[in-house]
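A.B. asks: Below is coords.cif; it holds mmCIF, C-alpha atoms and all ligand atoms.
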```cif
data_model
#
loop_
_atom_site.label_atom_id
_atom_site.label_comp_id
_atom_site.auth_asym_id
_atom_site.auth_seq_id
_atom_site.Cartn_x
_atom_site.Cartn_y
_atom_site.Cartn_z
CA MET A 198 152.32 -83.05 -4.58
CA LYS A 199 148.82 -82.42 -5.87
CA SER A 200 147.66 -84.93 -8.47
CA MET A 201 144.51 -86.08 -10.22
CA ARG A 202 143.53 -89.27 -12.03
CA PHE A 203 140.77 -89.68 -14.56
CA VAL A 204 139.66 -92.28 -17.09
CA HIS A 205 139.30 -91.47 -20.77
CA LEU A 206 136.81 -93.54 -22.77
CA THR A 207 135.65 -92.76 -26.26
CA ASP A 208 133.48 -93.82 -29.18
CA THR A 209 131.08 -96.02 -27.27
CA HIS A 210 128.59 -96.05 -30.22
CA MET A 211 125.82 -97.32 -27.93
CA ASN A 212 122.19 -97.92 -28.80
CA ALA A 213 119.21 -98.97 -26.71
CA PRO A 214 118.56 -102.75 -26.64
CA SER A 215 115.38 -102.17 -28.68
CA SER A 216 117.28 -100.32 -31.44
CA ASP A 217 117.65 -101.92 -34.86
CA GLY A 218 120.53 -99.67 -35.98
CA PRO A 219 123.48 -101.15 -37.90
CA PHE A 220 125.68 -101.44 -34.80
CA ALA A 221 122.93 -102.59 -32.40
CA LYS A 222 123.74 -106.27 -32.94
CA PHE A 223 127.23 -105.76 -31.48
CA LYS A 224 125.74 -104.94 -28.04
CA LEU A 225 128.17 -102.06 -27.55
CA ALA A 226 126.52 -100.82 -24.34
CA GLU A 227 127.49 -104.14 -22.74
CA LYS A 228 131.13 -103.30 -23.49
CA VAL A 229 130.79 -100.00 -21.64
CA LYS A 230 129.32 -101.82 -18.64
CA GLN A 231 132.19 -104.33 -18.81
CA THR A 232 134.69 -101.46 -18.97
CA CYS A 233 133.18 -99.78 -15.92
CA ARG A 234 133.33 -103.05 -13.98
CA HIS A 235 136.99 -103.36 -14.95
CA ILE A 236 137.75 -99.80 -13.78
CA GLN A 237 136.10 -100.58 -10.45
CA GLU A 238 137.74 -103.99 -9.98
CA ALA A 239 141.18 -102.63 -10.90
CA ASN A 240 140.83 -99.94 -8.21
CA ILE A 241 141.53 -97.13 -10.65
CA ALA A 242 139.51 -94.72 -8.48
CA PRO A 243 139.25 -91.90 -11.03
CA ALA A 244 138.09 -88.41 -10.09
CA PHE A 245 135.90 -88.51 -13.20
CA VAL A 246 135.25 -90.48 -16.37
CA LEU A 247 135.47 -88.64 -19.68
CA ILE A 248 133.87 -89.87 -22.91
CA THR A 249 134.98 -88.02 -26.03
CA GLY A 250 132.02 -88.50 -28.33
CA ASP A 251 130.17 -90.89 -30.58
CA LEU A 252 128.25 -91.84 -27.45
CA SER A 253 125.55 -93.26 -29.70
CA HIS A 254 125.49 -94.54 -33.27
CA GLU A 255 122.87 -92.30 -34.89
CA GLY A 256 120.67 -92.65 -31.83
CA ASP A 257 117.32 -91.03 -31.07
CA ALA A 258 116.07 -89.66 -27.73
CA ALA A 259 115.25 -93.19 -26.52
CA ASP A 260 118.82 -94.32 -27.22
CA TYR A 261 120.19 -91.35 -25.27
CA ALA A 262 117.84 -92.03 -22.36
CA TYR A 263 119.18 -95.58 -22.27
CA ILE A 264 122.78 -94.33 -22.53
CA ARG A 265 122.09 -92.10 -19.55
CA THR A 266 121.01 -95.10 -17.46
CA VAL A 267 124.15 -97.02 -18.51
CA LEU A 268 126.42 -94.10 -17.60
CA ASP A 269 124.59 -93.38 -14.34
CA GLU A 270 125.18 -97.03 -13.38
CA CYS A 271 128.82 -96.66 -14.40
CA SER A 272 129.15 -93.50 -12.32
CA ALA A 273 127.72 -95.24 -9.26
CA LEU A 274 130.00 -98.26 -9.77
CA VAL A 275 133.27 -96.33 -10.12
CA GLY A 276 132.24 -93.63 -7.64
CA ALA A 277 132.86 -90.70 -10.00
CA PRO A 278 130.91 -88.45 -12.35
CA VAL A 279 130.87 -89.07 -16.11
CA HIS A 280 131.43 -86.13 -18.45
CA VAL A 281 130.77 -86.40 -22.18
CA VAL A 282 131.21 -84.50 -25.44
CA LEU A 283 129.45 -85.07 -28.74
CA GLY A 284 130.86 -86.83 -31.83
CA ASN A 285 129.87 -86.89 -35.48
CA HIS A 286 127.47 -89.82 -34.91
CA ASP A 287 125.71 -87.97 -32.08
CA HIS A 288 122.70 -85.70 -32.51
CA ARG A 289 122.38 -82.56 -30.39
CA SER A 290 118.61 -82.48 -30.17
CA ALA A 291 118.16 -86.15 -29.25
CA PHE A 292 121.06 -85.89 -26.76
CA ARG A 293 119.57 -82.84 -25.07
CA GLN A 294 116.17 -84.52 -24.81
CA GLY A 295 117.14 -88.08 -23.90
CA TYR A 296 120.42 -87.65 -22.01
CA LEU A 297 120.11 -84.20 -20.42
CA GLY A 298 116.32 -84.25 -20.01
CA GLU A 299 116.09 -80.83 -21.65
CA THR A 300 113.89 -79.35 -24.35
CA PRO A 301 115.30 -80.61 -27.67
CA SER A 302 117.49 -78.04 -29.43
CA GLU A 303 120.45 -77.83 -31.82
CA GLU A 304 122.41 -75.69 -29.36
CA ALA A 305 126.09 -76.71 -29.16
CA TYR A 306 127.01 -78.61 -25.98
CA TYR A 307 130.17 -77.32 -24.29
CA TYR A 308 131.24 -76.55 -20.73
CA SER A 309 133.99 -75.88 -18.20
CA HIS A 310 134.16 -77.74 -14.87
CA ASP A 311 136.54 -77.18 -11.98
CA ILE A 312 137.28 -80.66 -10.61
CA ASP A 313 139.33 -80.25 -7.45
CA GLY A 314 141.75 -77.86 -9.14
CA LEU A 315 141.79 -79.43 -12.60
CA ARG A 316 139.76 -77.60 -15.24
CA LEU A 317 137.94 -79.85 -17.68
CA ILE A 318 136.70 -78.14 -20.83
CA GLY A 319 134.39 -80.06 -23.14
CA LEU A 320 134.04 -78.69 -26.68
CA ASN A 321 131.51 -79.44 -29.40
CA SER A 322 133.26 -80.29 -32.69
CA GLN A 323 130.25 -82.20 -33.99
CA THR A 324 128.58 -80.32 -36.82
CA PRO A 325 125.00 -81.30 -37.73
CA GLY A 326 124.75 -83.24 -40.97
CA ARG A 327 128.50 -83.69 -41.41
CA HIS A 328 131.17 -86.20 -40.41
CA ASP A 329 134.08 -83.77 -40.28
CA GLY A 330 134.15 -81.34 -37.39
CA GLU A 331 135.18 -77.88 -36.24
CA ILE A 332 134.90 -75.57 -33.25
CA ASP A 333 132.57 -72.68 -34.05
CA ALA A 334 133.46 -69.02 -33.52
CA ALA A 335 131.26 -68.65 -30.43
CA GLN A 336 133.06 -71.52 -28.68
CA LEU A 337 136.50 -70.20 -29.65
CA ALA A 338 135.65 -66.78 -28.17
CA TRP A 339 134.23 -68.38 -25.01
CA LEU A 340 137.29 -70.64 -24.69
CA SER A 341 139.69 -67.73 -25.01
CA ASP A 342 137.93 -65.93 -22.15
CA GLU A 343 137.78 -69.11 -20.07
CA LEU A 344 141.52 -69.78 -20.42
CA ALA A 345 142.53 -66.23 -19.51
CA GLN A 346 142.87 -67.35 -15.85
CA PRO A 347 144.93 -70.51 -15.21
CA ALA A 348 143.64 -73.36 -13.03
CA PRO A 349 145.74 -74.78 -10.14
CA LEU A 350 146.31 -78.16 -11.87
CA GLY A 351 145.98 -76.92 -15.43
CA THR A 352 143.34 -77.66 -18.05
CA ILE A 353 142.26 -80.71 -20.03
CA VAL A 354 140.36 -80.09 -23.27
CA ALA A 355 137.98 -82.80 -24.49
CA ILE A 356 136.93 -82.90 -28.13
CA HIS A 357 135.80 -85.58 -30.60
CA HIS A 358 137.89 -84.83 -33.70
CA PRO A 359 141.68 -84.98 -33.10
CA MET A 360 143.98 -82.02 -33.69
CA MET A 361 147.22 -83.88 -34.33
CA SER A 362 148.08 -85.81 -37.45
CA VAL A 363 147.18 -89.50 -37.13
CA ARG A 364 149.10 -92.01 -39.26
CA GLY A 365 147.05 -93.52 -42.04
CA MET A 366 144.07 -91.23 -41.54
CA PRO A 367 142.92 -88.84 -44.28
CA GLY A 368 143.11 -85.21 -43.18
CA ASP A 369 139.34 -84.81 -43.12
CA HIS A 370 139.26 -86.94 -39.95
CA LEU A 371 141.09 -84.20 -38.09
CA LEU A 372 139.52 -81.08 -36.63
CA ALA A 373 139.03 -78.82 -39.65
CA ASN A 374 140.01 -75.59 -37.86
CA ARG A 375 142.70 -77.07 -35.59
CA ALA A 376 145.02 -74.16 -36.46
CA GLN A 377 142.47 -71.71 -35.02
CA LEU A 378 142.00 -73.82 -31.89
CA GLY A 379 145.79 -74.20 -31.60
CA GLU A 380 146.11 -70.40 -31.55
CA VAL A 381 143.64 -70.18 -28.65
CA LEU A 382 145.37 -72.99 -26.69
CA ALA A 383 148.97 -71.80 -27.22
CA GLY A 384 150.49 -70.16 -24.18
CA THR A 385 147.65 -71.18 -21.83
CA ASP A 386 147.57 -73.72 -18.99
CA VAL A 387 146.19 -76.49 -21.25
CA ILE A 388 148.26 -79.62 -20.62
CA GLY A 389 146.33 -82.14 -22.66
CA VAL A 390 143.76 -82.53 -25.42
CA MET A 391 141.75 -85.77 -25.29
CA ALA A 392 140.00 -86.90 -28.47
CA GLY A 393 138.54 -89.95 -30.19
CA HIS A 394 136.95 -90.51 -33.61
CA VAL A 395 139.84 -92.43 -35.23
CA HIS A 396 139.29 -95.67 -33.25
CA SER A 397 142.99 -96.28 -32.64
CA ASN A 398 145.39 -95.24 -29.88
CA ASN A 399 147.55 -92.25 -30.77
CA VAL A 400 149.68 -89.99 -28.58
CA GLY A 401 151.49 -86.91 -29.86
CA THR A 402 151.70 -83.17 -29.50
CA TYR A 403 150.14 -80.15 -31.16
CA ARG A 404 152.20 -77.00 -30.69
CA GLY A 405 153.81 -78.70 -27.70
CA ILE A 406 150.53 -79.71 -25.99
CA VAL A 407 150.00 -83.44 -25.39
CA ASN A 408 147.24 -84.77 -27.64
CA VAL A 409 145.63 -88.19 -27.32
CA ALA A 410 143.20 -89.85 -29.72
CA ALA A 411 142.04 -93.02 -27.98
CA ALA A 412 140.73 -96.25 -29.50
CA GLY A 413 137.63 -96.52 -27.34
CA THR A 414 135.31 -99.27 -26.27
CA ALA A 415 133.44 -100.22 -29.46
CA PHE A 416 135.89 -101.35 -32.16
CA THR A 417 139.23 -100.46 -33.67
CA GLY A 418 140.14 -99.98 -37.31
CA GLU A 419 142.92 -101.12 -39.59
CA MET A 420 143.58 -101.55 -43.31
CA ALA A 421 142.20 -104.85 -44.63
CA ASP A 422 143.94 -104.47 -48.00
CA ALA A 423 145.02 -101.63 -50.28
CA ASP A 424 141.43 -100.41 -50.87
CA ASN A 425 139.45 -101.50 -47.85
CA TYR A 426 139.33 -100.73 -44.17
CA LYS A 427 138.04 -103.13 -41.53
CA MET A 428 136.56 -102.64 -38.07
CA VAL A 429 137.59 -105.19 -35.47
CA ASN A 430 136.14 -106.02 -32.06
CA PHE A 431 138.14 -104.09 -29.45
CA CYS A 432 137.60 -102.57 -26.03
CA GLY A 433 139.95 -100.37 -24.05
CA TYR A 434 140.34 -97.27 -21.91
CA ASN A 435 143.06 -94.86 -20.91
CA VAL A 436 144.04 -93.92 -17.37
CA VAL A 437 145.32 -90.34 -17.27
CA ASP A 438 147.35 -89.05 -14.32
CA VAL A 439 147.93 -85.32 -14.03
CA SER A 440 150.23 -83.78 -11.44
CA GLU A 441 152.13 -80.55 -10.94
CA GLU A 442 155.02 -82.29 -12.77
CA GLY A 443 153.13 -83.32 -15.91
CA ILE A 444 150.80 -85.87 -17.44
CA SER A 445 150.94 -89.62 -18.12
CA ILE A 446 148.57 -91.83 -20.13
CA GLN A 447 148.31 -95.60 -19.69
CA THR A 448 146.20 -97.72 -22.02
CA THR A 449 144.32 -100.75 -20.71
CA VAL A 450 142.99 -103.26 -23.25
CA LEU A 451 140.22 -105.64 -22.26
CA PRO A 452 140.19 -109.11 -23.80
CA THR A 453 137.90 -109.50 -26.83
CA SER A 454 137.45 -112.00 -29.66
CA ASN A 455 139.19 -109.65 -32.15
CA GLU A 456 136.65 -110.75 -34.77
CA GLU A 457 136.07 -108.52 -37.78
CA TYR A 458 132.79 -106.60 -37.44
CA PHE A 459 132.65 -105.33 -41.02
CA ARG A 460 134.77 -103.83 -43.81
CA PHE A 461 134.17 -101.07 -46.32
CA PRO A 462 136.02 -99.08 -49.02
CA ILE A 463 138.53 -96.56 -47.67
CA ALA A 464 136.51 -93.79 -49.36
CA ALA A 465 133.64 -94.44 -46.91
CA LEU A 466 135.84 -94.19 -43.82
CA ALA A 467 134.44 -91.00 -42.31
CA VAL A 468 130.89 -92.29 -42.39
CA GLN A 469 131.87 -95.25 -40.22
CA HIS A 470 133.71 -93.34 -37.47
FE FE A 501 133.55 -90.16 -34.86
FE FE A 502 133.46 -93.32 -33.62
#
```
Hey, can you dump this file as structure tokens for me?
Ligand SMILES: [Fe+2]
Ligand SMILES: [Fe+2]
C.D. replies:
Amino acid sequence: MKSMRFVHLTDTHMNAPSSDGPFAKFKLAEKVKQTCRHIQEANIAPAFVLITGDLSHEGDAADYAYIRTVLDECSALVGAPVHVVLGNHDHRSAFRQGYLGETPSEEAYYYSHDIDGLRLIGLNSQTPGRHDGEIDAAQLAWLSDELAQPAPLGTIVAIHHPMMSVRGMPGDHLLANRAQLGEVLAGTDVIGVMAGHVHSNNVGTYRGIVNVAAAGTAFTGEMADADNYKMVNFCGYNVVDVSEEGISIQTTVLPTSNEEYFRFPIAALAVQH
């Protein structure tokens, strides 16, 4: 039976070592390197590594150039390509310049790759200047055309903002136009939607399609008290196996100190994710 394995990481929130951003002191790129070593040592042997956004925490072109070196090293270590999408803390222009080596532009970053029979579609839900997200009309039209022909092993959609309801999260953390995207995905060969943004592990369905919002490598969140939310040191990744029979998702958690990084009023939640 034909099958495919990939690794899903998310919300790496990396910055260059020289950065003085608010998250720089947590050395979050080191956690990505640690994660990649773990994937290699555990013999996961993924066909690809997927990162569903918030690659950087408000990074500039120099941060993205550094992130590219980290992910190129990761790719070499695990023996597989790394595919990324953008999150609300990413910036299109700096990403295109520093990570892709392109002329800076605000053009949305989305794609479709055939990976040995599995189709991976990366969408751009990040919207400049905002923390909520949506898929624009041009992407929806492109996606509809793309999905008209099924792929041998089906399709995985990667996106930063989740479609499904996530317990404890205000609705503005979800993809704003998830109903529109759901209409495009319904009845196609899409078997899974991989997301991030909420910094906790969630598995569910949207109109019958498996949806995952993963916790990621940087930190996880939980209520500190009735009014405040806290971010706690955490690092994990998901191993996703896809076969002709279906899909399975296994979460691996790396040991951390579990110390509290910071806390803030629940009203400021979106800004932190
Ligand atoms: Fe986010
Ligand atoms: Fe995030």
A.B. asks: Can you tell me which residues sit at most 12 Å away from ligand FE 501 (chain A), counting only C-alpha atoms and all ligand atoms, written as number ranges by chain?
C.D. replies: A: 207-210, 248-255, 282-288, 322-324, 327-330, 356-359, 369-372, 392-397, 410-413, 415-417, 466-470
A.B. asks: Rounded to one decimal, what separation in Å do you get between atom CA of A:Tyr296 and atom CA of A:Val204?
C.D. replies: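 Spanning atom CA of A:Tyr296 to atom CA of A:Val204 is a straight-line distance of 20.4 Å.
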A.B. asks: Could you check how far atom CA of A:Val267 sits from atom CA of A:Asn212, in Å to one decimal?
C.D. replies: 10.5 Å
A.B. asks: Restricting the calculation to all atoms listed in the file: of A:Tyr403, A:Leu274, A:Ala465, A:Ile388, which residue gets closest to A:Asp424?
C.D. replies: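 Of all the options, A:Ala465 lies closest to A:Asp424.
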A.B. asks: Give me, please, the distance in Å between atom CA of A:Tyr306 and atom CA of A:Leu320, quoted to one decimal.
C.D. replies: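 Separation between atom CA of A:Tyr306 and atom CA of A:Leu320: 7.1 Å.
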